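These notes are about the structure you will find just below.
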Amino acid sequence: MSTSFLKEYSLNDTIAAIATYPAKSALGVIKISGKKALEILSKIFISKGRKDIKKLPTYTLHYGWVIEKKSHSEKGEREEVLDEVLVSVMRAPCSYTREDVVEISSHGGILVLNRILELVLKKGARLANPGEFSYRAFINGRIDLVQAQSILDIVEAKTEQGLLAATTHLKGKISKKIEEIEEKLRNIFSQIEASIQFPEEEVNISFEEIKRDVRRLKKELEELVKASREGQLIKEGVKCVICGRANVGKSTLFNRLLQEERVIVTEVPGTTRDVIEENINIKGIPLRIADTAGILEPKDLIDKVALEKSLKKIAEADLVLFLLDYSQPLSREDYLLLDKIKDKNVILVINKIDLKKGLDLNEVRKFNKPRVKLSALRGEGFSNLEKVIFKNLLGRTTLRGYDLVFLAHRQKELLSQAFSSLSQGIEYCEQGYSLDIIGLLLKEALDSLAKLTGKVVEEEVLKEIFSRFCIGK
């Protein structure tokens with residue numbers, strides 16, 4: 001790592017920051033980590049009973065006052081009470097950073113928090129950089145990079161399932177799984193290396209055994225890759241667009257999904273002239289859903305802009321809910337729109353089933369897309385719509401948050417690289433390539449996994465990860 005980075009995140013400094021949002025609130029927390037944490041605390045904190053601060057045991061909580069000593073011309077030094085507080089002490093290595101950590105819980109509010117923080121900095125601490133507490137936890141072996149990413153995922157979780165997945169990662173479930181794969185892979189690689197380096201020892205190793213063992217590991221990695229794709233849906237959400245010709249019920253469906261009257265609905269065709277977006281949650285999957293204009297033949301400039309916006313949203317969508325009117329046959333406009341979305345991920349939503357049938361369902365089946373019947377006006381069929389959306393996106397009907405894998409884009413690439421290396425290794429085994437070539441591919445897979453968990457890491461990667469954290473995390 002470069003000198004500038006080491007200086008900026010120097011482990012020799014004692015760091016401090018406000019760990020809670022600085023605003024009017026019941027409580028606020030100032031966090032201190034480093035060798036001088038208790039020494040600094042002893043200069044600004046008086047506990048009830050005036051305990052020796054430097055001798056406080058780990059995992060203890062103490063009531064008292066934060067004080068600032070000020071000189072007075074006539075009376076000498078006097079103590080000014082800044083706040084009544086609770087102080088928690090966590091000694092190294094039994095803390096988040098594996099350093100001495102002190103947390104001061106004061107009353108909330110910008111002024112009092114800043115006054116205490118300024119006092120801590122004056123007594124020898126440095127203001128922490130973004131994510132520096134978590135960076136120290138990583139450097140000191142408390143967490144790996146997968147767990148570090150999960151901390152950010154907890155903060156940014158959009159659904160209950162996403163939160164469950166992130167907390168599972170923080171406990172180390174995915175890290176442990178990757179370590180198990182690494183260990184098995186390393187054993188195979190060691191056998192190959194031994195047979196190459198010490199041929200006189202007559203190490204017993206066969207291509208068939210290698211293929212069998214590597215295939216098993218490839219399957220385990222493949223499951224992780226699949227789980228990471230599903231995790232990405234839960235973590236980042238899905239762009240979903242409701243489209244269809246005018247007056248087919250798009251805005252009514254949009255309002256029903258939101259469970260509020262977000263869009264004006266009338267019997268006049270073309271009421272919606274702009275794209276309207278909101279966030280919803282479908283069985284644990286966050287959807288950014290957009291209601292689009294049903295104008296296909298613009299009559300003026302406003303219509304033209306509305307059409308352009310709608311087509312742009314459709315092009316960007318991960319999922320399209322295409323509405324058809326159950327009470328009317330397919331129209332020229334329906335066919336035109338269906339042609340534009342034929343290559344998209346589409347669910348055909350047959351609306352207005354409360355009316356007399358006019359739609360030829362045999363004609364609809366020809367499009368070979370998932371279909372759902374409902375009445376947006378009456379709220380019928382929505383449970384089935386949610387099931388179809390869920391299955392369309394995940395390929396199954398249930399979701400367990402602790403089975404999901406949340407990885408950053410860089411980590412997903414490394415996992416894919418490891419999977420690709422193993423796949424190529426199996427191909428080379430079947431084609432009869434020499435052991436040294438196969439060993440090289442296994443080494444590539446090991447290197448990718450080591451970078452994923454942070455056993456091997458570059459400065460730029462650390463900066464990219466920890467700079468996204470807030471100060472105090």
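Letters A, B, ... go to the chains of the structure tokens in the order shown; residues in each chain start at 1; ligands are counted from 1 in the same order.
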Using only C-alpha atoms, determine which residues lie at most 9 Å from A:Leu224, disregarding the query and same-chain residues fewer than 5 positions distant; provide the list as a ChimeraX atom specification. /A:174,178,219,229,404-405,415
Serialized selection, C-alpha atoms, as a CSV table (one decimal), in the first residue's frame:
```csv
chain,number,residue,atom,x,y,z
A,174,ILE,CA,-20.7,-17.0,3.5
A,178,ILE,CA,-15.8,-19.8,0.8
A,219,LYS,CA,-20.9,-27.2,-8.2
A,229,ARG,CA,-27.5,-13.2,-8.7
A,404,LEU,CA,-29.0,-15.3,-0.3
A,405,VAL,CA,-25.5,-14.1,-1.1
A,415,LEU,CA,-16.4,-15.4,-7.7
```
Identify, on the basis of only C-alpha atoms, every residue whose closest approach to A:Ser42 does not exceed 12 Å; exclude the query and any residue fewer than 4 positions from it along the same chain; express the result as a list in words.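 The filter keeps Lys36, Ala37, Leu38, Ile46, Ser47, Arg50, Lys51, Asp52, Ile53, Lys54, Lys55, Leu56, Gly64, Trp65, Val66, Ile67, Glu68, Val87, Val89, Val102, Val120, Lys123 and Gly124 of chain A.
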Generate a file of the selected residues that holds C-alpha atoms, formatted as a PDB file, in the first residue's frame.
```pdb
ATOM      1  CA  LYS A  36      -5.002   6.213  23.964  1.00  0.00           C
ATOM      2  CA  ALA A  37      -8.763   5.665  24.222  1.00  0.00           C
ATOM      3  CA  LEU A  38      -8.834   5.120  27.988  1.00  0.00           C
ATOM      4  CA  ILE A  46     -15.627  11.623  35.981  1.00  0.00           C
ATOM      5  CA  SER A  47     -17.552   8.514  36.983  1.00  0.00           C
ATOM      6  CA  ARG A  50     -14.533   8.572  40.821  1.00  0.00           C
ATOM      7  CA  LYS A  51     -13.206   5.205  39.629  1.00  0.00           C
ATOM      8  CA  ASP A  52      -9.729   4.877  38.111  1.00  0.00           C
ATOM      9  CA  ILE A  53     -10.652   5.115  34.420  1.00  0.00           C
ATOM     10  CA  LYS A  54      -7.493   3.436  33.163  1.00  0.00           C
ATOM     11  CA  LYS A  55      -8.262   0.311  35.194  1.00  0.00           C
ATOM     12  CA  LEU A  56     -11.872  -0.148  34.092  1.00  0.00           C
ATOM     13  CA  GLY A  64     -20.899   9.951  35.193  1.00  0.00           C
ATOM     14  CA  TRP A  65     -20.184  13.325  33.617  1.00  0.00           C
ATOM     15  CA  VAL A  66     -18.105  14.623  30.732  1.00  0.00           C
ATOM     16  CA  ILE A  67     -16.169  17.594  32.049  1.00  0.00           C
ATOM     17  CA  GLU A  68     -13.880  20.191  30.514  1.00  0.00           C
ATOM     18  CA  VAL A  87     -19.633   5.258  29.055  1.00  0.00           C
ATOM     19  CA  VAL A  89     -15.545   0.244  27.791  1.00  0.00           C
ATOM     20  CA  VAL A 102     -14.776   3.652  24.371  1.00  0.00           C
ATOM     21  CA  VAL A 120     -11.861  14.234  22.693  1.00  0.00           C
ATOM     22  CA  LYS A 123      -7.023  15.493  24.263  1.00  0.00           C
ATOM     23  CA  GLY A 124      -5.184  13.482  21.597  1.00  0.00           C
TER      24      GLY A 124
END
```
Taking the DSSP assignment computed from this structure's backbone, write out as a VMD selection string all residues of stretch 32-231 of chain A that belong to alpha helix (DSSP H). chain A and resid 37 to 44 110 to 122 132 to 139 145 to 156 160 to 170 173 to 197 207 to 231
Write the selection just made, keeping C-alpha atoms, as an mmCIF file, in the first residue's frame?
```
data_model
loop_
_atom_site.group_PDB
_atom_site.id
_atom_site.type_symbol
_atom_site.label_atom_id
_atom_site.label_comp_id
_atom_site.auth_asym_id
_atom_site.auth_seq_id
_atom_site.Cartn_x
_atom_site.Cartn_y
_atom_site.Cartn_z
ATOM 1 C CA ALA A 37 -8.763 5.665 24.222
ATOM 2 C CA LEU A 38 -8.834 5.120 27.988
ATOM 3 C CA GLU A 39 -6.177 7.768 28.620
ATOM 4 C CA ILE A 40 -8.279 10.337 26.751
ATOM 5 C CA LEU A 41 -11.399 9.223 28.621
ATOM 6 C CA SER A 42 -9.611 9.717 31.959
ATOM 7 C CA LYS A 43 -9.022 13.381 31.069
ATOM 8 C CA ILE A 44 -12.659 14.200 30.243
ATOM 9 C CA ILE A 110 -25.644 18.711 17.401
ATOM 10 C CA LEU A 111 -24.157 21.132 19.939
ATOM 11 C CA VAL A 112 -23.531 18.700 22.788
ATOM 12 C CA LEU A 113 -22.152 15.980 20.492
ATOM 13 C CA ASN A 114 -19.792 18.395 18.772
ATOM 14 C CA ARG A 115 -18.598 19.824 22.116
ATOM 15 C CA ILE A 116 -17.729 16.353 23.421
ATOM 16 C CA LEU A 117 -16.072 15.338 20.142
ATOM 17 C CA GLU A 118 -13.988 18.527 20.067
ATOM 18 C CA LEU A 119 -12.849 17.801 23.622
ATOM 19 C CA VAL A 120 -11.861 14.234 22.693
ATOM 20 C CA LEU A 121 -9.882 15.528 19.692
ATOM 21 C CA LYS A 122 -8.208 18.181 21.833
ATOM 22 C CA GLU A 132 -12.071 3.745 9.466
ATOM 23 C CA PHE A 133 -13.459 1.790 12.427
ATOM 24 C CA SER A 134 -14.517 -1.013 10.061
ATOM 25 C CA TYR A 135 -11.187 -0.728 8.235
ATOM 26 C CA ARG A 136 -9.387 -1.390 11.527
ATOM 27 C CA ALA A 137 -11.697 -4.314 12.228
ATOM 28 C CA PHE A 138 -10.633 -5.759 8.858
ATOM 29 C CA ILE A 139 -6.900 -5.047 9.217
ATOM 30 C CA LEU A 145 -14.070 -8.113 3.179
ATOM 31 C CA VAL A 146 -17.313 -10.063 2.720
ATOM 32 C CA GLN A 147 -18.310 -9.191 6.284
ATOM 33 C CA ALA A 148 -17.205 -5.581 5.784
ATOM 34 C CA GLN A 149 -19.503 -5.346 2.763
ATOM 35 C CA SER A 150 -22.341 -6.824 4.822
ATOM 36 C CA ILE A 151 -22.112 -3.915 7.295
ATOM 37 C CA LEU A 152 -22.903 -1.539 4.447
ATOM 38 C CA ASP A 153 -25.653 -3.879 3.251
ATOM 39 C CA ILE A 154 -27.312 -3.800 6.690
ATOM 40 C CA VAL A 155 -27.427 -0.004 6.582
ATOM 41 C CA GLU A 156 -28.773 0.026 3.000
ATOM 42 C CA GLU A 160 -36.685 -7.749 5.608
ATOM 43 C CA GLN A 161 -35.143 -10.497 3.467
ATOM 44 C CA GLY A 162 -32.275 -8.209 2.522
ATOM 45 C CA LEU A 163 -31.642 -7.359 6.160
ATOM 46 C CA LEU A 164 -31.674 -11.044 7.113
ATOM 47 C CA ALA A 165 -29.169 -11.865 4.356
ATOM 48 C CA ALA A 166 -26.834 -9.033 5.393
ATOM 49 C CA THR A 167 -26.852 -9.988 9.082
ATOM 50 C CA THR A 168 -26.205 -13.632 8.137
ATOM 51 C CA HIS A 169 -23.146 -12.507 6.148
ATOM 52 C CA LEU A 170 -21.907 -10.425 9.077
ATOM 53 C CA LYS A 173 -21.743 -17.810 7.077
ATOM 54 C CA ILE A 174 -20.670 -16.996 3.511
ATOM 55 C CA SER A 175 -17.060 -16.368 4.528
ATOM 56 C CA LYS A 176 -16.951 -19.810 6.155
ATOM 57 C CA LYS A 177 -18.385 -21.436 3.025
ATOM 58 C CA ILE A 178 -15.774 -19.751 0.815
ATOM 59 C CA GLU A 179 -12.992 -20.761 3.220
ATOM 60 C CA GLU A 180 -14.149 -24.402 3.054
ATOM 61 C CA ILE A 181 -14.004 -24.316 -0.752
ATOM 62 C CA GLU A 182 -10.572 -22.669 -0.604
ATOM 63 C CA GLU A 183 -9.267 -25.366 1.739
ATOM 64 C CA LYS A 184 -10.492 -28.215 -0.481
ATOM 65 C CA LEU A 185 -9.095 -26.505 -3.567
ATOM 66 C CA ARG A 186 -5.767 -25.902 -1.862
ATOM 67 C CA ASN A 187 -5.497 -29.612 -0.998
ATOM 68 C CA ILE A 188 -6.013 -30.593 -4.653
ATOM 69 C CA PHE A 189 -3.523 -27.969 -5.801
ATOM 70 C CA SER A 190 -0.953 -29.190 -3.246
ATOM 71 C CA GLN A 191 -1.231 -32.735 -4.545
ATOM 72 C CA ILE A 192 -0.659 -31.558 -8.117
ATOM 73 C CA GLU A 193 2.311 -29.413 -7.044
ATOM 74 C CA ALA A 194 3.821 -32.311 -5.095
ATOM 75 C CA SER A 195 3.577 -34.642 -8.097
ATOM 76 C CA ILE A 196 5.285 -32.021 -10.307
ATOM 77 C CA GLN A 197 7.978 -30.868 -7.876
ATOM 78 C CA PHE A 207 -6.900 -37.268 -13.611
ATOM 79 C CA GLU A 208 -10.157 -38.992 -12.668
ATOM 80 C CA GLU A 209 -9.747 -38.094 -8.993
ATOM 81 C CA ILE A 210 -8.892 -34.508 -9.889
ATOM 82 C CA LYS A 211 -11.911 -34.225 -12.193
ATOM 83 C CA ARG A 212 -14.237 -35.664 -9.558
ATOM 84 C CA ASP A 213 -13.010 -33.348 -6.783
ATOM 85 C CA VAL A 214 -12.904 -30.231 -8.969
ATOM 86 C CA ARG A 215 -16.419 -30.958 -10.303
ATOM 87 C CA ARG A 216 -17.713 -30.995 -6.719
ATOM 88 C CA LEU A 217 -16.056 -27.668 -5.980
ATOM 89 C CA LYS A 218 -17.332 -26.225 -9.255
ATOM 90 C CA LYS A 219 -20.888 -27.196 -8.232
ATOM 91 C CA GLU A 220 -20.438 -25.498 -4.848
ATOM 92 C CA LEU A 221 -19.168 -22.332 -6.541
ATOM 93 C CA GLU A 222 -21.998 -22.502 -9.070
ATOM 94 C CA GLU A 223 -24.514 -22.457 -6.196
ATOM 95 C CA LEU A 224 -22.786 -19.389 -4.744
ATOM 96 C CA VAL A 225 -22.848 -17.645 -8.142
ATOM 97 C CA LYS A 226 -26.578 -18.364 -8.498
ATOM 98 C CA ALA A 227 -27.268 -17.177 -4.949
ATOM 99 C CA SER A 228 -25.295 -13.976 -5.630
ATOM 100 C CA ARG A 229 -27.471 -13.242 -8.692
ATOM 101 C CA GLU A 230 -30.581 -13.653 -6.562
ATOM 102 C CA GLY A 231 -28.963 -11.560 -3.856
#
```
How would you write, as a ChimeraX atom specification, the set of residues in stretch 115-359 of chain A that DSSP gives as strand (DSSP E or B)? /A:126-127,238-243,276-282,285-291,319-325,346-351
Can you write out the residues you just picked, keeping C-alpha atoms, as an mmCIF file, in the first residue's frame?
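Saved file part_7.cif follows:
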```cif
data_model
loop_
_atom_site.group_PDB
_atom_site.id
_atom_site.type_symbol
_atom_site.label_atom_id
_atom_site.label_comp_id
_atom_site.auth_asym_id
_atom_site.auth_seq_id
_atom_site.Cartn_x
_atom_site.Cartn_y
_atom_site.Cartn_z
ATOM 1 C CA ARG A 126 -7.815 12.206 15.463
ATOM 2 C CA LEU A 127 -11.110 12.537 13.584
ATOM 3 C CA VAL A 238 -35.769 -4.549 -9.945
ATOM 4 C CA LYS A 239 -36.795 -1.944 -12.510
ATOM 5 C CA CYS A 240 -40.380 -2.781 -13.410
ATOM 6 C CA VAL A 241 -42.584 -1.032 -15.970
ATOM 7 C CA ILE A 242 -46.342 -1.223 -16.428
ATOM 8 C CA CYS A 243 -47.212 -0.698 -20.085
ATOM 9 C CA ILE A 276 -44.567 8.059 -12.569
ATOM 10 C CA GLU A 277 -42.334 5.884 -10.369
ATOM 11 C CA GLU A 278 -42.592 4.492 -6.837
ATOM 12 C CA ASN A 279 -40.971 1.740 -4.745
ATOM 13 C CA ILE A 280 -42.904 -1.350 -3.664
ATOM 14 C CA ASN A 281 -42.047 -4.683 -2.049
ATOM 15 C CA ILE A 282 -43.166 -7.937 -3.678
ATOM 16 C CA ILE A 285 -38.100 -8.209 -3.667
ATOM 17 C CA PRO A 286 -37.875 -4.404 -3.926
ATOM 18 C CA LEU A 287 -39.391 -3.112 -7.197
ATOM 19 C CA ARG A 288 -38.954 0.356 -8.638
ATOM 20 C CA ILE A 289 -42.224 0.349 -10.531
ATOM 21 C CA ALA A 290 -43.147 2.846 -13.271
ATOM 22 C CA ASP A 291 -46.546 3.707 -14.706
ATOM 23 C CA LEU A 319 -39.419 -6.686 -15.952
ATOM 24 C CA VAL A 320 -42.413 -5.503 -17.995
ATOM 25 C CA LEU A 321 -46.018 -5.957 -16.872
ATOM 26 C CA PHE A 322 -47.936 -5.740 -20.145
ATOM 27 C CA LEU A 323 -51.648 -5.095 -19.659
ATOM 28 C CA LEU A 324 -54.363 -6.469 -21.903
ATOM 29 C CA ASP A 325 -58.078 -5.758 -21.674
ATOM 30 C CA VAL A 346 -42.566 -9.847 -19.841
ATOM 31 C CA ILE A 347 -45.568 -10.936 -17.800
ATOM 32 C CA LEU A 348 -48.915 -10.600 -19.581
ATOM 33 C CA VAL A 349 -51.479 -9.139 -17.167
ATOM 34 C CA ILE A 350 -55.033 -9.684 -18.372
ATOM 35 C CA ASN A 351 -57.043 -6.979 -16.623
#
```
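With distances restricted to only C-alpha atoms, A:Ser448 is the closest residue to A:Arg410 from A:Ser383, A:Ser33, A:Ser448, A:Asn368.
Atom to atom, atom CA of A:Asn140 and atom CA of A:Thr58 stand 18.2 Å apart.
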Contact residues around A:Lys31 with only C-alpha atoms at 10 Å, ignoring same-chain residues under 4 positions, as JSON, numbers by chain: {"A": [15, 16, 17, 18, 19, 20, 37, 87, 88, 101, 102, 103, 104, 105, 117, 120, 128, 133, 472, 473]}
Quick check, in Å to one decimal: how far apart do atom CA of A:His107 and atom CA of A:Lys70 lie?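 These atoms are spaced 22.2 Å apart.
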At a cut-off of 8 Å, using only C-alpha atoms, what residues contact stretch 326-336 of chain A? Leave out same-chain residues fewer than 5 positions from it and give the result as a VMD selection string. chain A and resid 244 to 245 296 350 to 353 355 to 360
Residue neighbourhood A:Leu27, 8 Å, only C-alpha atoms, exclusion window fewer than 2 positions, as an MDAnalysis selection string: chainID A and resid 25 29 105:109
Those selected residues, please, written with N, CA and C atoms and delivered as a PDB file, in the first residue's frame.
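Wrote it out as result.pdb, contents follow:
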```
ATOM      1  N   SER A  25     -32.169  14.516  19.280  1.00  0.00           N
ATOM      2  CA  SER A  25     -32.620  13.151  19.525  1.00  0.00           C
ATOM      3  C   SER A  25     -32.428  12.810  20.996  1.00  0.00           C
ATOM      4  N   VAL A  29     -23.978   9.133  20.293  1.00  0.00           N
ATOM      5  CA  VAL A  29     -22.817   8.326  20.692  1.00  0.00           C
ATOM      6  C   VAL A  29     -21.549   8.850  20.036  1.00  0.00           C
ATOM      7  N   SER A 105     -22.181   7.671  25.519  1.00  0.00           N
ATOM      8  CA  SER A 105     -23.587   7.900  25.175  1.00  0.00           C
ATOM      9  C   SER A 105     -24.062   9.157  25.901  1.00  0.00           C
ATOM     10  N   SER A 106     -24.282  10.196  25.127  1.00  0.00           N
ATOM     11  CA  SER A 106     -24.722  11.475  25.684  1.00  0.00           C
ATOM     12  C   SER A 106     -26.152  11.752  25.259  1.00  0.00           C
ATOM     13  N   HIS A 107     -26.673  12.906  25.680  1.00  0.00           N
ATOM     14  CA  HIS A 107     -27.951  13.339  25.128  1.00  0.00           C
ATOM     15  C   HIS A 107     -27.743  13.702  23.660  1.00  0.00           C
ATOM     16  N   GLY A 108     -28.773  13.512  22.854  1.00  0.00           N
ATOM     17  CA  GLY A 108     -28.650  13.840  21.443  1.00  0.00           C
ATOM     18  C   GLY A 108     -28.650  15.349  21.221  1.00  0.00           C
ATOM     19  N   GLY A 109     -28.265  15.726  20.022  1.00  0.00           N
ATOM     20  CA  GLY A 109     -28.228  17.149  19.686  1.00  0.00           C
ATOM     21  C   GLY A 109     -26.875  17.523  19.116  1.00  0.00           C
TER      22      GLY A 109
END
```
Within 9 Å of A:Asp354, counting only C-alpha atoms, which residues show up once you throw out same-chain ones fewer than 6 positions away? Write them as JSON, numbers by chain, please. {"A": [326, 327, 374, 375, 377, 378, 380]}
In Å, rounded to a single decimal, give me how far atom CA of A:Lys312 is from atom CA of A:Gln259.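 Computed distance, atom CA of A:Gln259 to atom CA of A:Lys312, equals 25.9 Å.
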